Structure formats: C-alpha cells, structure tokens
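See below for my_file_1.txt, which holds compact mmCIF, C-alpha atoms.
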# COMPACT_ATOMS: atom_id res chain seq x y z
CA MET E 1 2.76 -8.69 -18.71
CA SER E 2 3.19 -11.90 -16.76
CA LYS E 3 1.25 -12.24 -13.54
CA GLN E 4 4.33 -11.75 -11.36
CA TRP E 5 4.54 -8.12 -12.49
CA ALA E 6 0.83 -7.39 -12.91
CA SER E 7 -0.35 -3.92 -11.99
CA GLY E 8 -3.46 -3.11 -10.02
CA THR E 9 -6.75 -2.32 -11.74
CA ASN E 10 -5.87 1.39 -11.80
CA GLY E 11 -2.76 0.73 -13.88
CA ALA E 12 -0.39 1.18 -10.94
CA PHE E 13 2.28 -1.30 -9.86
CA LYS E 14 1.74 -2.81 -6.40
CA ARG E 15 4.61 -4.61 -4.66
CA GLN E 16 3.91 -7.86 -2.82
CA VAL E 17 4.30 -7.90 0.96
CA SER E 18 6.90 -10.42 2.15
CA SER E 19 5.54 -13.48 3.96
CA PHE E 20 8.39 -14.79 6.13
CA ARG E 21 9.45 -12.33 8.83
CA GLU E 22 11.49 -14.16 11.49
CA THR E 23 14.85 -13.05 12.87
CA ILE E 24 18.06 -14.65 14.16
CA SER E 25 19.40 -14.01 17.66
CA LYS E 26 20.78 -15.81 20.69
CA GLN E 27 17.47 -15.13 22.42
CA HIS E 28 15.31 -16.59 19.65
CA PRO E 29 13.76 -19.95 20.64
CA ILE E 30 14.48 -21.47 17.22
CA TYR E 31 16.74 -19.38 14.99
CA LYS E 32 20.02 -19.01 16.85
CA PRO E 33 23.33 -17.84 15.35
CA ALA E 34 25.64 -20.57 14.03
CA LYS E 35 28.32 -20.74 11.39
CA GLY E 36 27.15 -22.66 8.33
CA ARG E 37 23.54 -22.98 9.49
CA TYR E 38 22.06 -20.25 7.29
CA TRP E 39 22.10 -19.76 3.53
CA LEU E 40 21.28 -16.86 1.21
CA TYR E 41 19.50 -17.38 -2.09
CA VAL E 42 19.86 -14.32 -4.30
CA SER E 43 19.70 -12.86 -7.77
CA LEU E 44 22.56 -10.59 -8.85
CA ALA E 45 20.08 -8.72 -11.03
CA CYS E 46 17.69 -7.91 -8.19
CA PRO E 47 18.32 -4.65 -6.27
CA TRP E 48 16.62 -6.03 -3.16
CA ALA E 49 18.81 -9.14 -3.08
CA HIS E 50 21.86 -7.02 -3.89
CA ARG E 51 21.41 -5.25 -0.54
CA THR E 52 21.93 -8.50 1.31
CA LEU E 53 25.10 -9.41 -0.58
CA ILE E 54 26.68 -6.02 0.13
CA THR E 55 25.80 -6.25 3.82
CA ARG E 56 27.03 -9.84 4.06
CA ALA E 57 30.39 -8.75 2.63
CA LEU E 58 30.75 -5.58 4.72
CA LYS E 59 30.05 -7.55 7.90
CA GLY E 60 32.60 -10.27 7.05
CA LEU E 61 29.96 -13.00 6.86
CA THR E 62 30.89 -14.64 3.57
CA SER E 63 32.48 -17.60 5.38
CA VAL E 64 29.58 -17.80 7.85
CA ILE E 65 26.60 -17.70 5.47
CA GLY E 66 26.86 -19.42 2.09
CA CYS E 67 25.14 -18.17 -1.03
CA SER E 68 23.47 -19.56 -4.14
CA VAL E 69 22.69 -17.40 -7.18
CA VAL E 70 19.68 -17.90 -9.44
CA HIS E 71 19.69 -17.49 -13.21
CA TRP E 72 19.24 -13.92 -14.44
CA HIS E 73 16.26 -14.93 -16.61
CA LEU E 74 12.96 -14.87 -14.71
CA ASP E 75 10.37 -16.95 -16.56
CA GLU E 76 6.73 -17.76 -15.84
CA LYS E 77 7.76 -20.32 -13.21
CA GLY E 78 10.02 -17.90 -11.36
CA TRP E 79 13.72 -17.96 -10.54
CA ARG E 80 15.73 -21.07 -11.35
CA PHE E 81 19.08 -22.67 -10.52
CA LEU E 82 21.47 -24.52 -12.82
CA ASP E 83 22.72 -28.07 -12.59
CA MET E 84 26.29 -28.34 -11.38
CA GLY E 85 28.84 -29.27 -14.01
CA LYS E 86 30.30 -32.67 -13.09
CA GLN E 87 33.81 -31.49 -13.88
CA LEU E 88 33.47 -28.82 -11.18
CA GLU E 89 32.29 -31.07 -8.38
CA ASP E 90 35.72 -31.70 -6.86
CA SER E 91 37.51 -28.59 -8.10
CA GLU E 92 38.88 -25.98 -5.72
CA ASP E 93 36.93 -23.33 -7.60
CA PHE E 94 33.68 -25.15 -6.93
CA LEU E 95 34.36 -25.80 -3.26
CA GLU E 96 35.05 -22.13 -2.56
CA HIS E 97 32.42 -20.35 -4.62
CA TRP E 98 29.60 -20.60 -2.06
CA HIS E 99 31.50 -18.16 0.14
CA ASP E 100 32.50 -15.68 -2.54
CA VAL E 101 30.99 -12.19 -2.17
CA ALA E 102 28.90 -12.78 -5.32
CA GLY E 103 28.29 -16.49 -4.84
CA GLY E 104 31.01 -17.38 -7.31
CA ILE E 105 29.52 -15.70 -10.39
CA ARG E 106 32.54 -14.77 -12.48
CA THR E 107 31.05 -11.84 -14.40
CA ALA E 108 30.60 -9.94 -11.12
CA LYS E 109 34.38 -9.40 -11.23
CA GLU E 110 34.06 -7.48 -14.49
CA ASP E 111 33.47 -3.73 -14.58
CA SER E 112 31.71 -3.62 -17.93
CA SER E 113 29.25 -5.77 -19.84
CA LYS E 114 29.94 -7.15 -23.31
CA SER E 115 27.86 -8.31 -26.28
CA PHE E 116 24.58 -10.06 -25.47
CA ALA E 117 23.52 -11.09 -28.97
CA GLU E 118 24.62 -14.72 -28.67
CA ILE E 119 23.35 -15.27 -25.11
CA LYS E 120 20.11 -17.24 -24.97
CA ASN E 121 17.55 -17.09 -22.18
CA ASP E 122 18.13 -20.78 -21.48
CA SER E 123 21.91 -20.37 -21.30
CA GLN E 124 23.47 -22.96 -18.97
CA ARG E 125 26.85 -21.44 -18.09
CA PHE E 126 27.55 -22.61 -14.54
CA MET E 127 29.04 -19.85 -12.32
CA VAL E 128 28.31 -17.35 -15.10
CA ASP E 129 24.51 -17.43 -15.51
CA ALA E 130 23.80 -19.02 -12.12
CA THR E 131 24.89 -21.63 -9.60
CA ASN E 132 23.08 -24.68 -8.30
CA GLU E 133 21.05 -25.34 -5.16
CA PRO E 134 23.50 -27.56 -3.21
CA HIS E 135 21.42 -28.80 -0.29
CA TYR E 136 18.34 -30.40 -1.83
CA GLY E 137 19.08 -30.38 -5.54
CA TYR E 138 16.18 -28.02 -6.16
CA LYS E 139 15.69 -26.51 -9.60
CA ARG E 140 13.64 -23.48 -8.57
CA ILE E 141 13.29 -20.93 -5.78
CA SER E 142 9.65 -22.02 -5.66
CA ASP E 143 10.78 -25.40 -4.29
CA LEU E 144 12.15 -23.65 -1.20
CA TYR E 145 8.87 -21.82 -0.67
CA TYR E 146 6.84 -25.01 -0.96
CA LYS E 147 9.19 -26.82 1.40
CA SER E 148 8.59 -24.05 3.94
CA ASP E 149 4.86 -23.85 3.30
CA PRO E 150 3.12 -26.38 1.01
CA GLN E 151 0.13 -24.02 0.78
CA TYR E 152 2.18 -20.99 -0.32
CA SER E 153 0.36 -19.13 -3.10
CA ALA E 154 2.15 -15.80 -3.58
CA ARG E 155 5.13 -14.87 -5.77
CA PHE E 156 8.49 -16.58 -5.27
CA THR E 157 10.82 -13.70 -4.49
CA VAL E 158 14.47 -13.23 -3.63
CA PRO E 159 16.35 -12.75 -1.41
CA VAL E 160 15.65 -15.77 0.77
CA LEU E 161 17.43 -16.31 4.10
CA TRP E 162 17.20 -20.05 4.74
CA ASP E 163 17.76 -22.18 7.85
CA LEU E 164 19.39 -25.50 6.99
CA GLU E 165 18.61 -26.94 10.42
CA THR E 166 14.84 -26.50 10.40
CA GLN E 167 14.73 -26.49 6.59
CA THR E 168 12.58 -23.43 6.26
CA ILE E 169 12.68 -19.79 5.20
CA VAL E 170 13.63 -17.49 8.06
CA ASN E 171 13.02 -14.24 6.22
CA ASN E 172 12.38 -13.06 2.67
CA GLU E 173 12.19 -9.32 3.32
CA SER E 174 15.46 -7.67 2.27
CA SER E 175 15.19 -4.71 4.63
CA GLU E 176 14.91 -7.10 7.58
CA ILE E 177 17.59 -9.49 6.34
CA ILE E 178 20.18 -6.71 6.20
CA ARG E 179 19.27 -5.70 9.75
CA ILE E 180 19.75 -9.32 10.85
CA LEU E 181 23.15 -9.45 9.16
CA ASN E 182 24.17 -6.12 10.67
CA SER E 183 23.16 -7.14 14.19
CA SER E 184 25.59 -8.61 16.71
CA ALA E 185 24.12 -12.10 16.18
CA PHE E 186 27.12 -13.40 14.25
CA ASP E 187 29.87 -11.42 16.00
CA GLU E 188 31.51 -14.51 17.49
CA PHE E 189 32.28 -15.76 13.98
CA VAL E 190 34.00 -12.65 12.58
CA ASP E 191 37.16 -10.68 13.36
CA ASP E 192 37.31 -7.56 15.51
CA ASP E 193 37.22 -5.12 12.58
CA HIS E 194 33.98 -6.61 11.27
CA LYS E 195 32.50 -6.68 14.77
CA LYS E 196 33.03 -2.91 14.90
CA THR E 197 31.30 -2.38 11.56
CA ASP E 198 27.85 -1.01 12.32
CA LEU E 199 25.73 0.03 9.37
CA VAL E 200 22.92 1.36 11.57
CA PRO E 201 24.69 3.12 14.47
CA ALA E 202 22.34 4.13 17.27
CA GLN E 203 23.08 7.85 16.94
CA LEU E 204 22.06 7.80 13.26
CA LYS E 205 19.21 5.29 13.31
CA THR E 206 16.39 7.84 13.25
CA GLN E 207 17.99 9.68 10.34
CA ILE E 208 18.67 6.44 8.48
CA ASP E 209 15.09 5.22 8.94
CA ASP E 210 13.70 8.54 7.73
CA PHE E 211 15.99 8.59 4.68
CA ASN E 212 15.21 4.97 3.85
CA SER E 213 11.47 5.60 4.04
CA TRP E 214 11.22 8.16 1.26
CA VAL E 215 14.04 6.66 -0.79
CA TYR E 216 12.23 3.31 -0.78
CA ASP E 217 8.86 4.68 -1.81
CA SER E 218 9.98 7.23 -4.36
CA ILE E 219 13.28 5.87 -5.74
CA ASN E 220 13.85 2.15 -4.95
CA ASN E 221 10.24 1.23 -5.63
CA GLY E 222 9.57 4.41 -7.57
CA VAL E 223 11.42 3.19 -10.65
CA TYR E 224 9.29 0.04 -10.63
CA LYS E 225 6.08 2.03 -10.24
CA THR E 226 7.21 4.07 -13.22
CA GLY E 227 8.33 1.18 -15.41
CA PHE E 228 5.33 -1.06 -14.77
CA ALA E 229 2.69 1.66 -15.01
CA GLU E 230 -0.03 0.63 -17.46
CA LYS E 231 -1.67 4.02 -17.87
CA ALA E 232 0.01 7.19 -19.12
CA GLU E 233 -1.23 9.36 -16.28
CA VAL E 234 0.15 6.89 -13.72
CA TYR E 235 3.50 6.77 -15.52
CA GLU E 236 3.80 10.56 -15.69
CA SER E 237 2.99 10.97 -12.01
CA GLU E 238 5.49 8.31 -10.96
CA VAL E 239 8.36 9.41 -13.21
CA ASN E 240 8.01 12.99 -11.97
CA ASN E 241 8.11 11.69 -8.41
CA VAL E 242 11.30 9.68 -9.06
CA PHE E 243 13.18 12.70 -10.36
CA GLU E 244 11.86 15.03 -7.66
CA HIS E 245 13.41 12.71 -5.10
CA LEU E 246 16.63 12.25 -7.04
CA ASP E 247 16.82 16.05 -6.93
CA LYS E 248 16.41 15.80 -3.16
CA VAL E 249 19.28 13.29 -2.88
CA GLU E 250 21.44 15.47 -5.12
CA LYS E 251 20.84 18.47 -2.82
CA ILE E 252 21.77 16.41 0.25
CA LEU E 253 25.00 15.23 -1.34
CA SER E 254 25.83 18.65 -2.79
CA ASP E 255 25.49 20.23 0.66
CA LYS E 256 27.54 17.40 2.17
CA TYR E 257 30.33 17.89 -0.37
CA SER E 258 30.43 21.65 0.23
CA LYS E 259 30.83 21.13 3.98
CA LEU E 260 33.56 18.53 3.51
CA LYS E 261 35.38 20.77 1.03
CA ALA E 262 35.31 23.60 3.56
CA LYS E 263 36.56 21.21 6.25
CA TYR E 264 39.41 19.56 4.34
CA GLY E 265 40.12 21.84 1.39
CA GLU E 266 39.22 21.15 -2.20
CA GLU E 267 42.48 19.35 -2.95
CA ASP E 268 42.13 16.68 -0.26
CA ARG E 269 39.72 14.52 -2.23
CA GLN E 270 40.62 11.34 -0.36
CA LYS E 271 39.44 12.74 2.97
CA ILE E 272 36.33 14.22 1.38
CA LEU E 273 35.35 10.89 -0.17
CA GLY E 274 36.11 9.12 3.10
CA GLU E 275 33.13 10.92 4.66
CA PHE E 276 30.98 11.44 1.56
CA PHE E 277 27.89 9.45 2.48
CA THR E 278 24.16 10.09 2.56
CA VAL E 279 23.63 10.04 6.34
CA GLY E 280 26.36 11.08 8.77
CA ASP E 281 30.06 10.84 7.95
CA GLN E 282 30.28 7.04 7.68
CA LEU E 283 29.02 4.30 5.41
CA THR E 284 25.56 3.20 6.53
CA GLU E 285 22.60 1.10 5.48
CA ALA E 286 21.18 4.21 3.80
CA ASP E 287 24.02 4.14 1.27
CA ILE E 288 23.52 0.44 0.58
CA ARG E 289 19.79 0.78 -0.04
CA LEU E 290 20.18 3.76 -2.37
CA TYR E 291 23.20 2.31 -4.20
CA THR E 292 21.42 -0.76 -5.55
CA THR E 293 18.95 1.45 -7.41
CA VAL E 294 21.40 4.14 -8.54
CA ILE E 295 23.91 1.63 -9.96
CA ARG E 296 21.09 0.21 -12.14
CA PHE E 297 19.72 3.57 -13.17
CA ASP E 298 21.82 4.42 -16.21
CA PRO E 299 22.26 0.84 -17.52
CA VAL E 300 18.59 -0.13 -17.18
CA TYR E 301 16.07 2.24 -15.65
CA VAL E 302 16.65 5.15 -18.03
CA GLN E 303 15.62 3.18 -21.11
CA HIS E 304 13.78 0.11 -19.80
CA PHE E 305 11.59 1.82 -17.18
CA LYS E 306 11.36 5.12 -19.13
CA CYS E 307 13.04 7.09 -16.34
CA ASN E 308 14.57 9.24 -19.03
CA PHE E 309 14.50 12.87 -17.95
CA THR E 310 18.26 12.53 -17.65
CA SER E 311 20.82 9.97 -16.52
CA ILE E 312 22.76 9.94 -13.26
CA ARG E 313 26.03 10.64 -15.07
CA ALA E 314 24.59 13.53 -17.09
CA GLY E 315 22.23 15.17 -14.64
CA TYR E 316 23.36 14.45 -11.09
CA PRO E 317 27.08 15.17 -10.55
CA PHE E 318 27.08 14.58 -6.81
CA ILE E 319 25.05 11.36 -6.93
CA HIS E 320 27.38 10.27 -9.73
CA LEU E 321 30.45 10.97 -7.58
CA TRP E 322 28.87 9.21 -4.60
CA VAL E 323 27.98 6.01 -6.52
CA ARG E 324 31.43 5.86 -8.17
CA ASN E 325 33.10 6.29 -4.78
CA LEU E 326 31.18 3.30 -3.42
CA TYR E 327 31.82 1.17 -6.49
CA TRP E 328 35.54 1.82 -6.94
CA ASN E 329 36.60 2.15 -3.30
CA TYR E 330 34.55 -0.60 -1.63
CA ASP E 331 34.91 -4.19 -2.85
CA ALA E 332 31.60 -5.15 -1.21
CA PHE E 333 29.85 -2.88 -3.71
CA ARG E 334 32.04 -3.43 -6.77
CA TYR E 335 32.28 -7.21 -6.68
CA THR E 336 28.59 -7.79 -6.01
CA THR E 337 27.57 -5.63 -8.98
CA ASP E 338 27.12 -7.70 -12.14
CA PHE E 339 26.18 -5.56 -15.14
CA ASP E 340 25.60 -8.63 -17.33
CA HIS E 341 23.00 -10.07 -14.95
CA ILE E 342 21.41 -6.66 -14.44
CA LYS E 343 20.97 -5.85 -18.13
CA LEU E 344 19.98 -9.34 -19.21
CA HIS E 345 17.42 -9.82 -16.46
CA TYR E 346 15.36 -6.71 -17.06
CA THR E 347 15.47 -6.76 -20.85
CA ARG E 348 14.80 -10.49 -21.25
CA SER E 349 12.38 -11.13 -18.37
CA HIS E 350 9.94 -8.25 -18.82
CA THR E 351 8.51 -9.27 -22.16
CA ARG E 352 5.62 -6.85 -22.10
CA ILE E 353 8.01 -3.93 -21.74
CA ASN E 354 10.61 -5.33 -24.16
CA PRO E 355 8.86 -7.96 -26.33
CA LEU E 356 11.78 -8.50 -28.73
CA GLY E 357 14.19 -9.18 -25.89
CA ILE E 358 16.99 -7.08 -27.38
CA THR E 359 19.42 -5.96 -24.68
CA PRO E 360 20.89 -2.46 -25.21
CA LEU E 361 24.68 -2.32 -25.06
CA GLY E 362 24.89 1.14 -23.51
CA PRO E 363 25.67 3.19 -21.70
CA LYS E 364 29.39 2.81 -22.21
CA PRO E 365 31.03 2.33 -19.85
CA ASP E 366 28.51 0.87 -17.42
CA ILE E 367 30.29 2.74 -14.62
CA ARG E 368 32.69 5.60 -15.28
CA PRO E 369 36.08 5.87 -13.55
CA LEU E 370 36.27 7.80 -10.30

Target format structure tokens, applied to this file:
Amino acid sequence: MSKQWASGTNGAFKRQVSSFRETISKQHPIYKPAKGRYWLYVSLACPWAHRTLITRALKGLTSVIGCSVVHWHLDEKGWRFLDMGKQLEDSEDFLEHWHDVAGGIRTAKEDSSKSFAEIKNDSQRFMVDATNEPHYGYKRISDLYYKSDPQYSARFTVPVLWDLETQTIVNNESSEIIRILNSSAFDEFVDDDHKKTDLVPAQLKTQIDDFNSWVYDSINNGVYKTGFAEKAEVYESEVNNVFEHLDKVEKILSDKYSKLKAKYGEEDRQKILGEFFTVGDQLTEADIRLYTTVIRFDPVYVQHFKCNFTSIRAGYPFIHLWVRNLYWNYDAFRYTTDFDHIKLHYTRSHTRINPLGITPLGPKPDIRPL
C-alpha cells in the first residue's frame, strides 16, 4: 500500500486532518466574496470533492467559482492535471468548461460506464480523464500546496478551494467548503431562487449536524476504514459497523416514506419524493454528504472495499429509492456523478487492494431507473 493510504500500526485506517481552514465572508480581513476570485480543484472520483461540486451547482455558483478536475489515476506523486490540447485553446467548448457543473468532463454526462480494458493509467484524454490547471500551468495538486506553504509535508488532498488573488489555499476540508458555498457570502452574484436555497436551514441545523456526525464516522469514512484495514479483526469490526449504520439510515427513510405515504396517498409518488429526504422535508447538506458514499457503494465499495454483506439495490429498498430520486431528479447530483472516474480511480490507484488493476464492469446498470 502506498504511503498515502497507509494504515496505523494497529492495522486501522486513519484519515489525515485537513491543514487549511479559512473561510470566505464580507467580514473576513482577507478572503472576501468576489466573482471569479476563487477556484475549486476537485476529483470526480473522490466522494469528499464530490460534495463541493454538488453544493456549487445547487447554489448556482458555477459561473462564480471555476473548477479544474484532476486525473482519476492517483499515483505515488498524487493527483495530476493534463496539458491542454492546442486545438481546444480557442474553442467555445474550452472557454466554457471551467464553469460546467463537472468542470467540463464529458463522461459525467453519461449514466453508465463502458469498457475499461483499453484505458491506460497514463491516458491523456483532455476533458475526459482530466482538465488542466489554467492559472499557473501546474502539473500536480502538490504544486498548489507548495505554493501555499513551501514547507508542507502532509498528503496532497482534494478538494482545494483556492484564492487567485492571494494565490493560496483558503480551505481543503470538504465539510467546511460546502458550508462556505452554502453561506450568504456569494448571494450578490446569484439569482433570487439560488439565494433562497439553504442546505443547512437554522431550524434543522442541530439535526443535520447530528446526522452528519455518525454518517461520517460509520459510513462516509467507514467504508474506507473497512477497505484499508490491514488486519482481519479490524476489517470485521468496521464492516459490521458500516452495515449497522446503513440499517439505521434505512429505518429513517422507511419511517419517512410511511409518513409521506399516509400524508399524500400511495399513488402520489411525485409529492412523496418531493419530501423524501434524510432530515426534514427538504433537500439538505445531510443528503449531499450521504449521497456521495451511497452512489459509490454498489459500483465500488461492495467489491473493492469488501463491503459485501449486500448491495444498496438488493438490500436497502428505501436507501435505493432515495439515491435514485436524487440522481434522476436533481441535475446537481446526476451531472456531477462520473461512474468512469469512480470505477477507474479506486481499482487502478489502490494497487495493494487490486494489484492487477482490472476494473470490474458491474454492476449493470451503474444506477437503476427511478
């Protein structure tokens, strides 16, 4: 296992603590809201970065904050960008892709992955495998970290929220970045509908924070603690914990569905799905944070991380309905989900788990119809 995924001495996976923890607000002495000043660097494979793309889209910030996407293959030097194809430099497609919901990656518009056999880890397909770093011509995410702090010695993670004015990282903690994006900081740059969008409404904040806490530890990070366990007893403890908490989510959503069915009648599915969320009767941050793990569960975590008691589609009917509702009815979820990047990243980057680098084709389809 490469050092970026190394477990602790007890065989348990330990996640790195993020290093850059600033915010953006009108009151901040340095980082003030401005259109075009900030930039997101993300991986479409990474569930933590995926949170920020969904939030950016839901808040109408795609034209306010540009985005660059790293290559799906994570090697020993970390995440990398691609060189821009010269033929794209002046094309309309190139000029607009920074402000696409998925940073211009074309495969994010597809609902199912295809064959991977001919795709190499050093594939150079611009706007398919990755985009470039447009501001400094950097080749690696690590270059951004060293520009911010020449003495930086930890892992080079995504997402990165970057300030083009001071040329430094503002924040690299996804849970804080999505709160920054959800705040009123950028309201003057979006329309009234997006100003009204609040993913952490005050009346639900305590419930959202509580839900996020155990979902993070036991599901979001739980699948990693399971997959990167280096001792059998650690693996068994963690995988049991993941499914115990998926059971808990299933019970929450089952109860929610029963109440909505009693309220609207079983036949009015549209109204039921319009309020079918994890916390409260509206889409919140809690749904975003859970979604980015659940959407990866069947395609990757079942086989790659050995979370194989059952799949979401086979064992959790209400979670399955919930995730399909988000995917098919909300473009911010659907068009930031790239099954090619997801499958290729895990199966090609984690060589200790999958030394032959063969990427499974299933499940088929990657996401079932609603």

Quiz item: Do you know which residues are at most 7 Å from stretch 50-59 of chain E counting only C-alpha atoms, after dropping those on the same chain fewer than 2 positions away, and could you put them as an MDAnalysis selection string?
Solution: chainID E and resid 44 46:48 61:62 101:102 174 177:178 181:182 194 197 288:289 292 332:333 336

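Once E:Glu133 and its same-chain neighbours fewer than 3 positions away are set aside, Tyr41, Cys67, Ser68, Val69, Val70, Arg80, Phe81, Leu82, Asp83, Met84, Ala130, Tyr136, Gly137, Tyr138, Lys139, Arg140, Ile141 and Leu144 of chain E remain within 10 Å of it when counting only C-alpha atoms.
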
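Ranking E:Asp122, E:Glu188, E:Glu165, E:Asp287 by their shortest atom-to-atom distance to E:His71, with all atoms listed in the file included, puts E:Asp122 first.
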
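In terms of minimum interatomic distance to E:Asn221, E:Tyr301 ranks closest within E:Trp98, E:Tyr257, E:Tyr301, E:Tyr146, counting all atoms listed in the file.
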
Quiz item: Got a sec: who's within 10 Å of E:Leu283, counting all atoms listed in the file, leaving out chain neighbours fewer than 4 positions off, as a count of residues only?
Solution: 13

Exercise. Report the distance between atom CA of E:Lys26 and atom CA of E:Gln207 in Å, rounded to one decimal place.
Key: 27.7 Å

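If you measure from each of E:Lys205, E:Lys364, E:Arg313, E:Lys248 to E:Ser115 using all atoms listed in the file, the closest one turns out to be E:Lys364.
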
Taking the block just given, write stretch 313-361 of chain E to a file that holds C-alpha atoms, as a PDB file, in the first residue's frame.
ATOM      1  CA  ARG E 313     -30.037  -2.126  -4.656  1.00  0.00           C
ATOM      2  CA  ALA E 314     -30.515  -5.616  -3.221  1.00  0.00           C
ATOM      3  CA  GLY E 315     -30.657  -4.978   0.496  1.00  0.00           C
ATOM      4  CA  TYR E 316     -31.855  -1.436   1.152  1.00  0.00           C
ATOM      5  CA  PRO E 317     -35.019  -0.568  -0.815  1.00  0.00           C
ATOM      6  CA  PHE E 318     -35.587   2.825   0.784  1.00  0.00           C
ATOM      7  CA  ILE E 319     -31.965   3.982   0.510  1.00  0.00           C
ATOM      8  CA  HIS E 320     -32.086   2.754  -3.081  1.00  0.00           C
ATOM      9  CA  LEU E 321     -35.210   4.815  -3.785  1.00  0.00           C
ATOM     10  CA  TRP E 322     -33.693   7.853  -2.060  1.00  0.00           C
ATOM     11  CA  VAL E 323     -30.410   7.759  -4.027  1.00  0.00           C
ATOM     12  CA  ARG E 324     -32.225   7.236  -7.346  1.00  0.00           C
ATOM     13  CA  ASN E 325     -34.534  10.153  -6.580  1.00  0.00           C
ATOM     14  CA  LEU E 326     -31.536  12.428  -6.059  1.00  0.00           C
ATOM     15  CA  TYR E 327     -29.721  11.165  -9.138  1.00  0.00           C
ATOM     16  CA  TRP E 328     -32.587  11.262 -11.631  1.00  0.00           C
ATOM     17  CA  ASN E 329     -34.471  14.313 -10.361  1.00  0.00           C
ATOM     18  CA  TYR E 330     -31.618  16.687  -9.476  1.00  0.00           C
ATOM     19  CA  ASP E 331     -29.092  17.651 -12.150  1.00  0.00           C
ATOM     20  CA  ALA E 332     -26.602  18.779  -9.492  1.00  0.00           C
ATOM     21  CA  PHE E 333     -26.318  15.157  -8.390  1.00  0.00           C
ATOM     22  CA  ARG E 334     -26.647  13.404 -11.746  1.00  0.00           C
ATOM     23  CA  TYR E 335     -24.246  15.518 -13.781  1.00  0.00           C
ATOM     24  CA  THR E 336     -21.507  15.579 -11.160  1.00  0.00           C
ATOM     25  CA  THR E 337     -21.520  11.772 -10.866  1.00  0.00           C
ATOM     26  CA  ASP E 338     -18.984  10.163 -13.192  1.00  0.00           C
ATOM     27  CA  PHE E 339     -19.034   6.374 -12.977  1.00  0.00           C
ATOM     28  CA  ASP E 340     -15.971   6.057 -15.234  1.00  0.00           C
ATOM     29  CA  HIS E 341     -13.825   8.204 -12.937  1.00  0.00           C
ATOM     30  CA  ILE E 342     -15.213   6.485  -9.848  1.00  0.00           C
ATOM     31  CA  LYS E 343     -14.517   2.928 -11.002  1.00  0.00           C
ATOM     32  CA  LEU E 344     -11.170   3.664 -12.616  1.00  0.00           C
ATOM     33  CA  HIS E 345      -9.802   5.627  -9.675  1.00  0.00           C
ATOM     34  CA  TYR E 346     -10.378   3.052  -6.969  1.00  0.00           C
ATOM     35  CA  THR E 347      -9.438  -0.020  -8.990  1.00  0.00           C
ATOM     36  CA  ARG E 348      -6.327   1.465 -10.616  1.00  0.00           C
ATOM     37  CA  SER E 349      -4.982   3.654  -7.786  1.00  0.00           C
ATOM     38  CA  HIS E 350      -5.174   1.234  -4.852  1.00  0.00           C
ATOM     39  CA  THR E 351      -2.635  -1.283  -6.066  1.00  0.00           C
ATOM     40  CA  ARG E 352      -2.338  -3.141  -2.791  1.00  0.00           C
ATOM     41  CA  ILE E 353      -6.062  -3.859  -2.806  1.00  0.00           C
ATOM     42  CA  ASN E 354      -6.245  -4.552  -6.553  1.00  0.00           C
ATOM     43  CA  PRO E 355      -2.694  -5.326  -7.766  1.00  0.00           C
ATOM     44  CA  LEU E 356      -3.698  -6.385 -11.288  1.00  0.00           C
ATOM     45  CA  GLY E 357      -5.609  -3.164 -11.878  1.00  0.00           C
ATOM     46  CA  ILE E 358      -8.567  -4.894 -13.527  1.00  0.00           C
ATOM     47  CA  THR E 359     -11.687  -2.735 -13.292  1.00  0.00           C
ATOM     48  CA  PRO E 360     -14.945  -4.691 -12.823  1.00  0.00           C
ATOM     49  CA  LEU E 361     -17.670  -3.822 -15.319  1.00  0.00           C
TER      50      LEU E 361
END
